[in-house]
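Asker: Below is a structure I'd like to ask you about.
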Protein chains: 2
Amino acid sequence: MSDKQENIVWHESTITKQERRKQNGHQSFILWFTGLSASGKSTVANALASSLFEQGKQVYVLDGDNVRHGLNKDLGFKEEDRKENIRRIGEVSKLFVDSGQIVLTAFISPYRKDRDLVRSLVGPEEFIEVYVHCSLEECEKRDPKGLYKKARNHEIPSFTGISAPYEEPKDPEMVLDTEKYSIKQCVESLLTELKQKQLI
Amino acid sequence: MSDKQENIVWHESTITKQERRKQNGHQSFILWFTGLSASGKSTVANALASSLFEQGKQVYVLDGDNVRHGLNKDLGFKEEDRKENIRRIGEVSKLFVDSGQIVLTAFISPYRKDRDLVRSLVGPEEFIEVYVHCSLEECEKRDPKGLYKKARNHEIPSFTGISAPYEEPKDPEMVLDTEKYSIKQCVESLLTELKQKQLI
């Protein structure tokens, strides 16, 4: 009987975000990388993640590779789907933040209102918008996956920068210029900023 | 120019799951708790998570509280929605496993094929199905949220065990009987099993 009693009166003891952060020795937050295709979002995010991981921090990158073929494989590229794509990524990021991790997201996320929706999901100190700036000309020159070429040939509809809009962040926490600066310089600048904000 | 060159030749260095596990000092996997409403899934999962956290492990619980009002707030309770609910939880769990965490999920997940879908998403050693067994009579007696009462009064349609089916796991990795054993005993039995499997 006492066993059953225990089941009934047992109080849920969930681990708090603050306890997780204390144990990990750093804050948990979202670094939201936004920018054109081929601007360098994923490259910079992964390079920063490697650096943070080497410092023993809990860090994870969400990008097309692990999200588009999994969680969001039911979504296409029309506006409503792009919106739902970003919403889900935002909600998953929130779970990672709650679990004590630093989460880096690398998605074009072209619409301002979608990025602002994610911002509204978490605390003000938990969302850092990083605008990965690179001119369309330079992105098109890089074109590592040949996507711009296909978009110009009308083989891809609604391609950001060509046939779909990209709404620049109005007041991002950080701007990286990957035309002027190397990946290494961008990572160093991010690390400096995160230390100044006492997030790591 | 050399900066631009670096952008072009830079190779993505993503952190592997194995590197994360090594740094955390434990395996990462899904403990999938399934069972009737009020069987004790969430309570046992949270108690186990607290114990693992105190041991310094990276662990996170996904349950109705953090998923239904966030990621899956667009979903209802009809069969297709329940299926999509479980699919998304499975995909998110996979991301957590990839990030090196132990993820505990506490959802009724009444359909065998939905649980098997999640099982198929990850490696064979990464999915541990835990059947939280408790008779319908006992669950109905506990009824902490008054849901069974509402279901009996037809105020809730499609309620598992009353007006919707629960398909028992055929070959779960573990079975917990929360009618016979206390929460503490269930947690100890889980810890023993995880150690035997060399997962923690």
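Identifiers in the structure tokens: chain A, B, ... in order shown; residue index from 1 per chain; ligand index from 1 in order shown.
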Looking only at the backbone, which of the residues in chain A does DSSP tag as strand (DSSP E), as a list of chain:residue names?
Answerer: A:Ile30, A:Leu31, A:Trp32, A:Phe33, A:Thr34, A:Val59, A:Tyr60, A:Val61, A:Leu62, A:Asp63, A:Ile102, A:Val103, A:Leu104, A:Thr105, A:Ala106, A:Phe127, A:Ile128, A:Glu129, A:Val130, A:Tyr131, A:Val132, A:His133, A:Met174, A:Val175, A:Leu176, A:Asp177
Asker: Show which residues sit within 10 Å of Gly25 (chain B), as a list in words. Count only C-alpha atoms, and ignore same-chain residues fewer than 2 positions away.
Answerer: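 That gives Glu19, Arg20, Arg21, Lys22, Gln23, Gln27, Ser28, Gly56, Lys57, Gln58, Gly100, Leu199 and Ile200 of chain B.
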Asker: Closest to Glu167 (chain A) among A:Ile15, A:Leu117, A:Leu48, A:Ile108, using only C-alpha atoms?
Answerer: A:Ile108
Asker: Which one of A:Leu95, A:Leu36, A:Ile156, A:Leu136 sits closest to chain B if you count only C-alpha atoms?
Answerer: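 Selected residue with least distance to chain B: A:Leu95.
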Asker: With all Cα atoms paired residue by residue, do a least-squares superposition of chain A on chain B and hand back the transformed coordinates as an mmCIF file with C-alpha atoms, in the first residue's frame.
Answerer:
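Final output, saved to out-v2.cif:
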```cif
data_model
loop_
_atom_site.group_PDB
_atom_site.id
_atom_site.type_symbol
_atom_site.label_atom_id
_atom_site.label_comp_id
_atom_site.auth_asym_id
_atom_site.auth_seq_id
_atom_site.Cartn_x
_atom_site.Cartn_y
_atom_site.Cartn_z
ATOM 1 C CA MET A 1 41.973 37.601 -51.358
ATOM 2 C CA SER A 2 43.270 34.884 -49.036
ATOM 3 C CA ASP A 3 40.215 35.418 -46.826
ATOM 4 C CA LYS A 4 37.893 34.730 -49.702
ATOM 5 C CA GLN A 5 39.940 31.713 -50.696
ATOM 6 C CA GLU A 6 39.580 30.381 -47.188
ATOM 7 C CA ASN A 7 35.801 30.688 -47.426
ATOM 8 C CA ILE A 8 35.787 28.628 -50.540
ATOM 9 C CA VAL A 9 38.071 25.816 -49.468
ATOM 10 C CA TRP A 10 36.947 25.655 -45.837
ATOM 11 C CA HIS A 11 35.748 22.190 -44.919
ATOM 12 C CA GLU A 12 32.865 21.822 -42.562
ATOM 13 C CA SER A 13 34.080 20.293 -39.337
ATOM 14 C CA THR A 14 31.034 18.935 -37.571
ATOM 15 C CA ILE A 15 31.401 17.400 -34.153
ATOM 16 C CA THR A 16 30.540 13.711 -34.269
ATOM 17 C CA LYS A 17 28.127 11.929 -31.956
ATOM 18 C CA GLN A 18 30.999 9.741 -30.817
ATOM 19 C CA GLU A 19 33.086 12.784 -29.820
ATOM 20 C CA ARG A 20 30.137 14.160 -27.849
ATOM 21 C CA ARG A 21 29.599 10.866 -26.055
ATOM 22 C CA LYS A 22 33.263 10.659 -25.175
ATOM 23 C CA GLN A 23 33.242 14.179 -23.757
ATOM 24 C CA ASN A 24 30.053 13.530 -21.765
ATOM 25 C CA GLY A 25 31.293 10.172 -20.498
ATOM 26 C CA HIS A 26 28.139 8.260 -21.374
ATOM 27 C CA GLN A 27 26.153 6.994 -24.344
ATOM 28 C CA SER A 28 23.284 8.989 -25.801
ATOM 29 C CA PHE A 29 19.977 7.246 -26.469
ATOM 30 C CA ILE A 30 16.194 7.438 -26.211
ATOM 31 C CA LEU A 31 14.288 5.945 -23.310
ATOM 32 C CA TRP A 32 10.787 5.819 -24.738
ATOM 33 C CA PHE A 33 8.179 5.554 -21.962
ATOM 34 C CA THR A 34 4.788 4.381 -23.214
ATOM 35 C CA GLY A 35 1.625 3.559 -21.280
ATOM 36 C CA LEU A 36 -1.862 4.697 -20.334
ATOM 37 C CA SER A 37 -2.621 8.156 -19.010
ATOM 38 C CA ALA A 38 -1.791 8.231 -15.271
ATOM 39 C CA SER A 39 0.357 5.091 -15.514
ATOM 40 C CA GLY A 40 3.304 7.097 -14.191
ATOM 41 C CA LYS A 41 5.370 7.691 -17.357
ATOM 42 C CA SER A 42 6.212 11.313 -16.712
ATOM 43 C CA THR A 43 6.770 10.812 -12.992
ATOM 44 C CA VAL A 44 9.199 7.931 -13.489
ATOM 45 C CA ALA A 45 10.953 9.720 -16.384
ATOM 46 C CA ASN A 46 11.473 12.880 -14.358
ATOM 47 C CA ALA A 47 12.660 10.944 -11.297
ATOM 48 C CA LEU A 48 15.165 9.022 -13.428
ATOM 49 C CA ALA A 49 16.309 12.234 -15.130
ATOM 50 C CA SER A 50 16.960 13.863 -11.743
ATOM 51 C CA SER A 51 19.016 10.894 -10.667
ATOM 52 C CA LEU A 52 21.076 10.918 -13.893
ATOM 53 C CA PHE A 53 21.512 14.698 -13.682
ATOM 54 C CA GLU A 54 22.854 14.381 -10.131
ATOM 55 C CA GLN A 55 25.421 11.986 -11.565
ATOM 56 C CA GLY A 56 26.522 14.759 -13.932
ATOM 57 C CA LYS A 57 24.981 13.298 -17.066
ATOM 58 C CA GLN A 58 23.381 15.211 -19.917
ATOM 59 C CA VAL A 59 19.719 14.276 -19.792
ATOM 60 C CA TYR A 60 16.443 15.805 -20.934
ATOM 61 C CA VAL A 61 12.771 14.858 -20.662
ATOM 62 C CA LEU A 62 10.322 15.456 -23.485
ATOM 63 C CA ASP A 63 6.715 15.300 -22.368
ATOM 64 C CA GLY A 64 3.353 16.936 -22.915
ATOM 65 C CA ASP A 65 4.374 19.968 -20.876
ATOM 66 C CA ASN A 66 7.183 21.076 -23.143
ATOM 67 C CA VAL A 67 6.010 19.652 -26.486
ATOM 68 C CA ARG A 68 2.225 19.966 -26.719
ATOM 69 C CA HIS A 69 2.167 23.715 -26.124
ATOM 70 C CA GLY A 70 5.212 24.372 -28.280
ATOM 71 C CA LEU A 71 6.413 22.315 -31.224
ATOM 72 C CA ASN A 72 3.174 20.355 -31.560
ATOM 73 C CA LYS A 73 0.622 22.975 -30.623
ATOM 74 C CA ASP A 74 -0.821 22.819 -34.143
ATOM 75 C CA LEU A 75 -1.805 19.167 -33.646
ATOM 76 C CA GLY A 76 -4.988 17.723 -32.164
ATOM 77 C CA PHE A 77 -5.843 14.224 -30.977
ATOM 78 C CA LYS A 78 -7.210 12.475 -34.035
ATOM 79 C CA GLU A 79 -5.246 9.515 -35.340
ATOM 80 C CA GLU A 80 -3.329 11.398 -38.036
ATOM 81 C CA ASP A 81 -2.360 14.123 -35.586
ATOM 82 C CA ARG A 82 -1.291 11.606 -32.958
ATOM 83 C CA LYS A 83 0.879 9.970 -35.610
ATOM 84 C CA GLU A 84 2.493 13.287 -36.592
ATOM 85 C CA ASN A 85 2.885 14.155 -32.890
ATOM 86 C CA ILE A 86 4.922 11.006 -32.284
ATOM 87 C CA ARG A 87 6.885 11.392 -35.531
ATOM 88 C CA ARG A 88 8.040 14.889 -34.580
ATOM 89 C CA ILE A 89 8.896 13.804 -31.047
ATOM 90 C CA GLY A 90 10.918 10.981 -32.562
ATOM 91 C CA GLU A 91 12.801 13.343 -34.880
ATOM 92 C CA VAL A 92 13.519 15.784 -32.034
ATOM 93 C CA SER A 93 14.696 12.895 -29.859
ATOM 94 C CA LYS A 94 17.055 11.870 -32.645
ATOM 95 C CA LEU A 95 18.560 15.386 -32.636
ATOM 96 C CA PHE A 96 19.062 15.201 -28.868
ATOM 97 C CA VAL A 97 20.742 11.812 -29.227
ATOM 98 C CA ASP A 98 22.973 13.266 -31.932
ATOM 99 C CA SER A 99 23.835 16.107 -29.548
ATOM 100 C CA GLY A 100 25.056 13.559 -26.987
ATOM 101 C CA GLN A 101 22.154 13.664 -24.560
ATOM 102 C CA ILE A 102 20.082 10.956 -22.945
ATOM 103 C CA VAL A 103 16.505 11.782 -23.862
ATOM 104 C CA LEU A 104 13.515 10.446 -21.954
ATOM 105 C CA THR A 105 10.131 10.740 -23.644
ATOM 106 C CA ALA A 106 6.872 10.395 -21.751
ATOM 107 C CA PHE A 107 3.903 10.124 -24.105
ATOM 108 C CA ILE A 108 1.004 7.669 -24.198
ATOM 109 C CA SER A 109 2.041 6.816 -27.790
ATOM 110 C CA PRO A 110 -0.744 4.239 -28.110
ATOM 111 C CA TYR A 111 -0.010 2.939 -31.610
ATOM 112 C CA ARG A 112 2.614 0.269 -32.137
ATOM 113 C CA LYS A 113 3.449 1.390 -35.675
ATOM 114 C CA ASP A 114 4.160 4.948 -34.500
ATOM 115 C CA ARG A 115 6.567 3.722 -31.808
ATOM 116 C CA ASP A 116 8.196 1.419 -34.338
ATOM 117 C CA LEU A 117 8.651 4.381 -36.694
ATOM 118 C CA VAL A 118 10.648 6.172 -34.001
ATOM 119 C CA ARG A 119 12.635 3.013 -33.374
ATOM 120 C CA SER A 120 13.546 2.931 -37.053
ATOM 121 C CA LEU A 121 14.895 6.511 -36.958
ATOM 122 C CA VAL A 122 17.868 5.673 -34.760
ATOM 123 C CA GLY A 123 20.378 2.882 -34.255
ATOM 124 C CA PRO A 124 19.286 -0.383 -32.564
ATOM 125 C CA GLU A 125 21.149 0.475 -29.366
ATOM 126 C CA GLU A 126 19.697 3.975 -29.289
ATOM 127 C CA PHE A 127 16.036 3.166 -28.686
ATOM 128 C CA ILE A 128 14.871 1.599 -25.449
ATOM 129 C CA GLU A 129 11.133 1.084 -25.200
ATOM 130 C CA VAL A 130 9.901 1.165 -21.617
ATOM 131 C CA TYR A 131 6.370 -0.082 -21.132
ATOM 132 C CA VAL A 132 4.946 1.596 -18.052
ATOM 133 C CA HIS A 133 2.353 -0.953 -17.097
ATOM 134 C CA CYS A 134 -0.604 -0.159 -14.903
ATOM 135 C CA SER A 135 -4.136 -1.533 -15.156
ATOM 136 C CA LEU A 136 -6.870 0.671 -16.550
ATOM 137 C CA GLU A 137 -8.731 0.280 -13.240
ATOM 138 C CA GLU A 138 -5.790 1.633 -11.254
ATOM 139 C CA CYS A 139 -5.138 4.488 -13.743
ATOM 140 C CA GLU A 140 -8.796 5.432 -13.545
ATOM 141 C CA LYS A 141 -8.638 5.356 -9.754
ATOM 142 C CA ARG A 142 -5.578 7.651 -9.752
ATOM 143 C CA ASP A 143 -7.000 10.026 -12.401
ATOM 144 C CA PRO A 144 -4.896 12.985 -11.171
ATOM 145 C CA LYS A 145 -6.245 15.390 -13.789
ATOM 146 C CA GLY A 146 -9.824 14.087 -13.838
ATOM 147 C CA LEU A 147 -9.407 13.042 -17.471
ATOM 148 C CA TYR A 148 -10.838 9.545 -17.133
ATOM 149 C CA LYS A 149 -13.929 10.961 -15.495
ATOM 150 C CA LYS A 150 -14.372 13.394 -18.384
ATOM 151 C CA ALA A 151 -13.768 10.611 -20.909
ATOM 152 C CA ARG A 152 -16.420 8.430 -19.242
ATOM 153 C CA ASN A 153 -18.796 11.397 -19.446
ATOM 154 C CA HIS A 154 -18.045 11.729 -23.182
ATOM 155 C CA GLU A 155 -16.502 15.152 -22.576
ATOM 156 C CA ILE A 156 -13.222 13.982 -24.157
ATOM 157 C CA PRO A 157 -13.442 12.074 -27.441
ATOM 158 C CA SER A 158 -10.863 9.420 -28.395
ATOM 159 C CA PHE A 159 -9.412 8.917 -24.940
ATOM 160 C CA THR A 160 -6.882 6.088 -24.811
ATOM 161 C CA GLY A 161 -8.174 3.082 -22.877
ATOM 162 C CA ILE A 162 -11.760 4.339 -22.885
ATOM 163 C CA SER A 163 -12.740 5.319 -26.400
ATOM 164 C CA ALA A 164 -9.443 4.847 -28.261
ATOM 165 C CA PRO A 165 -7.148 1.827 -28.355
ATOM 166 C CA TYR A 166 -3.834 1.315 -26.562
ATOM 167 C CA GLU A 167 -1.638 -1.198 -28.338
ATOM 168 C CA GLU A 168 0.644 -2.841 -25.793
ATOM 169 C CA PRO A 169 4.310 -3.169 -26.768
ATOM 170 C CA LYS A 170 4.997 -6.675 -28.034
ATOM 171 C CA ASP A 171 8.657 -6.856 -27.143
ATOM 172 C CA PRO A 172 9.667 -3.791 -25.109
ATOM 173 C CA GLU A 173 13.218 -3.557 -23.782
ATOM 174 C CA MET A 174 11.801 -2.967 -20.306
ATOM 175 C CA VAL A 175 8.521 -3.252 -18.437
ATOM 176 C CA LEU A 176 7.788 -1.294 -15.275
ATOM 177 C CA ASP A 177 4.799 -2.187 -13.131
ATOM 178 C CA THR A 178 3.813 0.954 -11.277
ATOM 179 C CA GLU A 179 0.979 -0.837 -9.505
ATOM 180 C CA LYS A 180 3.331 -3.241 -7.797
ATOM 181 C CA TYR A 181 6.433 -1.135 -7.430
ATOM 182 C CA SER A 182 7.192 2.334 -6.105
ATOM 183 C CA ILE A 183 8.645 5.107 -8.251
ATOM 184 C CA LYS A 184 11.920 4.696 -6.395
ATOM 185 C CA GLN A 185 11.993 0.970 -7.175
ATOM 186 C CA CYS A 186 11.227 1.645 -10.838
ATOM 187 C CA VAL A 187 14.037 4.189 -11.079
ATOM 188 C CA GLU A 188 16.492 1.798 -9.432
ATOM 189 C CA SER A 189 15.522 -0.958 -11.802
ATOM 190 C CA LEU A 190 16.057 1.364 -14.791
ATOM 191 C CA LEU A 191 19.447 2.494 -13.506
ATOM 192 C CA THR A 192 20.534 -1.131 -13.051
ATOM 193 C CA GLU A 193 19.423 -2.004 -16.571
ATOM 194 C CA LEU A 194 21.206 0.997 -18.134
ATOM 195 C CA LYS A 195 24.419 0.103 -16.317
ATOM 196 C CA GLN A 196 24.164 -3.513 -17.447
ATOM 197 C CA LYS A 197 23.758 -2.329 -21.027
ATOM 198 C CA GLN A 198 26.838 -0.109 -20.474
ATOM 199 C CA LEU A 199 24.867 2.931 -21.573
ATOM 200 C CA ILE A 200 25.699 4.984 -18.470
#
```
Asker: Apply DSSP to the structure's backbone, then extract all residues of region 15-102 of chain B labelled alpha helix (DSSP H) and return them as a VMD selection string.
Answerer: chain B and resid 17 to 24 41 to 54 64 to 67 79 to 98
Asker: Output the selection as a short mmCIF file (atom, residue, chain, number, x, y, z; two decimals), in the first residue's frame - C-alpha atoms for each residue.
Answerer:
```
data_model
loop_
_atom_site.label_atom_id
_atom_site.label_comp_id
_atom_site.auth_asym_id
_atom_site.auth_seq_id
_atom_site.Cartn_x
_atom_site.Cartn_y
_atom_site.Cartn_z
CA LYS B 17 28.09 11.91 -32.00
CA GLN B 18 30.98 9.74 -30.84
CA GLU B 19 33.07 12.78 -29.86
CA ARG B 20 30.13 14.15 -27.90
CA ARG B 21 29.57 10.86 -26.07
CA LYS B 22 33.25 10.64 -25.20
CA GLN B 23 33.22 14.17 -23.79
CA ASN B 24 30.04 13.52 -21.80
CA LYS B 41 5.37 7.70 -17.37
CA SER B 42 6.21 11.32 -16.73
CA THR B 43 6.77 10.82 -13.01
CA VAL B 44 9.21 7.94 -13.49
CA ALA B 45 10.96 9.72 -16.39
CA ASN B 46 11.47 12.89 -14.36
CA ALA B 47 12.66 10.96 -11.31
CA LEU B 48 15.17 9.02 -13.42
CA ALA B 49 16.32 12.23 -15.14
CA SER B 50 16.95 13.87 -11.77
CA SER B 51 19.03 10.90 -10.69
CA LEU B 52 21.07 10.92 -13.92
CA PHE B 53 21.52 14.70 -13.70
CA GLU B 54 22.85 14.40 -10.16
CA GLY B 64 3.36 16.93 -22.90
CA ASP B 65 4.37 19.96 -20.88
CA ASN B 66 7.17 21.08 -23.16
CA VAL B 67 5.99 19.64 -26.49
CA GLU B 79 -5.28 9.49 -35.33
CA GLU B 80 -3.35 11.38 -38.04
CA ASP B 81 -2.39 14.10 -35.59
CA ARG B 82 -1.32 11.58 -32.96
CA LYS B 83 0.85 9.95 -35.59
CA GLU B 84 2.46 13.26 -36.59
CA ASN B 85 2.86 14.12 -32.89
CA ILE B 86 4.90 10.98 -32.29
CA ARG B 87 6.86 11.35 -35.53
CA ARG B 88 8.01 14.86 -34.60
CA ILE B 89 8.88 13.79 -31.06
CA GLY B 90 10.90 10.95 -32.58
CA GLU B 91 12.78 13.30 -34.89
CA VAL B 92 13.50 15.75 -32.06
CA SER B 93 14.67 12.87 -29.88
CA LYS B 94 17.04 11.85 -32.66
CA LEU B 95 18.53 15.36 -32.66
CA PHE B 96 19.03 15.18 -28.89
CA VAL B 97 20.72 11.78 -29.24
CA ASP B 98 22.95 13.24 -31.95
#
```
